[in-house]
Structures are given as C-alpha cells and as structure tokens.
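Shown here: entry_11.txt, compact mmCIF, C-alpha atoms.
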# COMPACT_ATOMS: atom_id res chain seq x y z
CA GLN R 1 33.99 52.48 162.21
CA VAL R 2 31.52 51.95 165.03
CA GLN R 3 28.72 49.49 164.34
CA LEU R 4 25.49 49.12 166.30
CA VAL R 5 23.31 46.03 166.46
CA GLU R 6 19.85 46.08 168.01
CA SER R 7 18.00 43.05 169.29
CA GLY R 8 15.15 42.10 171.58
CA GLY R 9 12.17 43.09 169.49
CA GLY R 10 9.21 40.84 168.92
CA LEU R 11 5.50 40.36 169.28
CA VAL R 12 3.99 41.18 172.65
CA GLN R 13 0.49 41.68 173.98
CA GLU R 14 -0.73 45.05 175.08
CA GLY R 15 0.42 45.69 178.64
CA GLY R 16 3.43 43.43 178.26
CA SER R 17 7.14 44.15 178.36
CA LEU R 18 10.19 43.88 176.15
CA LYS R 19 13.83 44.75 176.65
CA LEU R 20 15.76 45.99 173.66
CA SER R 21 19.53 45.92 173.45
CA CYS R 22 21.95 47.94 171.35
CA VAL R 23 25.44 46.49 171.21
CA ALA R 24 28.27 48.67 169.94
CA SER R 25 31.42 47.34 168.33
CA THR R 26 33.54 49.61 170.53
CA ASN R 27 33.25 51.23 173.96
CA ILE R 28 31.38 54.27 172.70
CA PHE R 29 28.58 54.95 175.16
CA ASN R 30 30.88 56.41 177.82
CA THR R 31 32.17 59.06 175.47
CA ASN R 32 29.28 59.77 173.09
CA GLY R 33 25.62 60.51 173.45
CA MET R 34 23.13 57.95 172.21
CA GLY R 35 19.45 57.69 171.58
CA TRP R 36 16.63 55.29 170.85
CA TYR R 37 14.31 56.16 168.00
CA ARG R 38 11.28 54.46 166.55
CA GLN R 39 9.45 54.56 163.27
CA ALA R 40 5.86 53.43 163.06
CA PRO R 41 4.31 52.46 159.71
CA GLY R 42 3.61 55.54 157.65
CA LYS R 43 5.18 57.87 160.19
CA ALA R 44 8.45 59.72 160.55
CA ARG R 45 11.22 58.38 162.73
CA GLU R 46 11.02 59.92 166.21
CA LEU R 47 13.41 60.20 169.12
CA ILE R 48 11.95 58.64 172.26
CA ALA R 49 14.83 58.30 174.74
CA TRP R 50 18.36 59.64 174.88
CA MET R 51 21.38 59.72 177.09
CA SER R 52 24.47 61.90 177.07
CA SER R 53 27.92 60.55 177.78
CA PHE R 54 27.32 61.53 181.41
CA GLY R 55 24.62 58.90 181.61
CA THR R 56 21.46 60.79 182.52
CA PRO R 57 18.51 59.42 180.57
CA ASN R 58 15.76 61.55 179.09
CA TYR R 59 12.40 60.58 177.62
CA VAL R 60 9.61 61.99 175.56
CA ASP R 61 6.28 62.25 177.33
CA SER R 62 4.70 59.36 175.44
CA VAL R 63 7.11 56.83 176.98
CA LYS R 64 8.06 58.52 180.25
CA GLY R 65 7.29 56.29 183.21
CA ARG R 66 7.03 53.20 181.00
CA PHE R 67 10.43 52.98 179.28
CA THR R 68 13.84 52.93 180.93
CA LEU R 69 17.11 53.63 179.15
CA SER R 70 20.28 52.26 180.66
CA ARG R 71 23.76 51.31 179.61
CA ASP R 72 26.28 48.65 180.53
CA SER R 73 29.61 50.15 179.58
CA ALA R 74 31.50 46.95 180.34
CA LYS R 75 29.50 45.21 177.61
CA ASN R 76 29.30 48.18 175.20
CA THR R 77 25.53 47.83 175.43
CA ALA R 78 22.59 50.17 175.87
CA HIS R 79 19.19 48.83 176.85
CA LEU R 80 15.67 50.10 176.46
CA GLU R 81 13.33 48.37 178.86
CA MET R 82 9.74 48.84 177.77
CA ASN R 83 6.86 48.17 180.14
CA ARG R 84 3.11 48.57 179.91
CA LEU R 85 3.35 48.49 176.14
CA LYS R 86 0.57 50.04 174.11
CA LEU R 87 -0.66 49.40 170.59
CA GLU R 88 0.83 52.71 169.53
CA ASP R 89 4.30 51.52 170.56
CA THR R 90 4.33 49.27 167.49
CA ALA R 91 7.30 50.38 165.40
CA VAL R 92 10.80 49.58 164.28
CA TYR R 93 13.19 50.68 167.03
CA TYR R 94 16.65 52.02 166.25
CA CYS R 95 19.58 53.09 168.35
CA LYS R 96 21.89 55.86 167.26
CA VAL R 97 25.21 57.19 168.46
CA GLY R 98 26.34 60.73 167.74
CA MET R 99 29.90 60.83 166.48
CA ASN R 100 32.09 63.79 165.56
CA GLY R 101 30.15 65.20 162.63
CA TYR R 102 28.02 62.18 161.78
CA ASP R 103 25.65 59.66 163.28
CA VAL R 104 25.81 55.89 163.39
CA TRP R 105 22.56 53.90 163.27
CA GLY R 106 21.75 50.31 163.93
CA GLN R 107 19.63 48.24 161.55
CA GLY R 108 16.54 48.34 163.77
CA THR R 109 14.46 45.78 165.61
CA GLN R 110 10.72 45.34 165.10
CA VAL R 111 8.29 45.65 168.00
CA ILE R 112 4.67 44.67 167.45
CA VAL R 113 2.13 45.18 170.21
CA SER R 114 -1.10 43.23 169.76
CA SER R 115 -4.47 43.55 171.45

Please express what this file holds, its structure, as structure tokens.
Amino acid sequence: QVQLVESGGGLVQEGGSLKLSCVASTNIFNTNGMGWYRQAPGKARELIAWMSSFGTPNYVDSVKGRFTLSRDSAKNTAHLEMNRLKLEDTAVYYCKVGMNGYDVWGQGTQVIVSS
C-alpha cells in the first residue's frame, strides 16, 4: 500500500517561507491526483492546492500567488512552497493521494506562523 510522509513544517515569522515535502513510497504522482490540505485549530480540514496526474496545479484563493505546488517524479515527491506566510496559515498540513476508490493521507506536518 502507498504511504505518504510529509516534512518541512516548523515555526516561521509572518512574511517568511517554508517548503513542505510529501514523499510517496511508490511512483504515484504521475498516475494519480494529489492534494495538499490543512487543518487549523478548531477548524475543518480544507483543500488548498491540488494537482492531477497531468501535473497542472490549482489553488484556492487564500493561497494563490503565495503557494506553489510542484512534483519531482524521479524522487516520488510533491512539494508545497509557501511564501509570504500569514498568521492564518498556521495549521497542520497534510498531503493526500486519490487511489482507486480510497484516499491515502500522510501523517501531517505542523506549520506555525508567528508575529
């Protein structure tokens, strides 16, 4: 079964940058769509960026222009580069891959943006 491991989270000041990584146990990103989600304290998990197997990234308005989703198929890795971070970006960030009839989630990586 495919496994996903996120990394790259941490504490950053407002306006700073972080680059998250999602490493898959198999070469899955070329054949399956994937997405980055986040869950802030007390809030529901929300989709913020996604990419189909064709590789075109999409973003919700709140992160558009600040976040960049990319993938490195040779390393079975998807990245979420986050710039100009805001306090409201504080959340646990998860990657997810859509399989045939079910989804696979990573364990999440914490991002804390401080003032």

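Rounded to one decimal, atom CA of Leu85 of chain R and atom CA of Gly55 of chain R lie 24.3 Å from each other.
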
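A straight line drawn from atom CA of Gln110 of chain R to atom CA of Ala91 of chain R is 6.1 Å long.
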
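For the set R:Met82, R:Met51, R:Val92, R:Ala44, the residue with the smallest atom-to-atom gap to Asn30 of chain R is R:Met51, counting only C-alpha atoms.
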
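Atom CA of Leu4 of chain R is positioned 6.4 Å from atom CA of Trp105 of chain R.
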
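Residues in contact with Met99 of chain R at up to 12 Å, not including ones fewer than 6 positions away on its chain and judged by all atoms listed in the file, are Gln1, Val2, Gln3, Ile28, Phe29, Thr31, Asn32, Gly33, Met34, Ser52, Ser53 and Trp105 of chain R.
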
Among listed residues R:Pro57, R:Gly65, R:Gly9, R:Gly35, nearest Val97 of chain R (using all atoms listed in the file): R:Gly35

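Considering all atoms listed in the file, the residue among R:Ile48, R:Val104, R:Val23, R:Ala78 positioned nearest to Arg66 of chain R is R:Ile48.
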
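For the residues R:Ala74, R:Val5, R:Ala40, R:Leu11, ranking by smallest atom-to-atom distance to Ser25 of chain R using only C-alpha atoms places R:Val5 first.
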
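Each of R:Gln13, R:Thr68, R:Asn27, R:Gln39 was compared to Thr56 of chain R using only C-alpha atoms, and R:Thr68 turns out to be the nearest.
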
Selection: 9 Å around Cys22 of chain R, only C-alpha atoms, excl. self and same-chain fewer than 5 positions, as a PyMOL selection string: chain R and resi 4-8+76-80+94-96+106

Residues near Glu81 of chain R, cut-off 7 Å, all atoms listed in the file, skip fewer than 2 positions along chain, as a count of residues only: 8

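With distances restricted to all atoms listed in the file, R:Val12 is the closest residue to Val113 of chain R from R:Val12, R:Val63, R:Ala49, R:Ala24.
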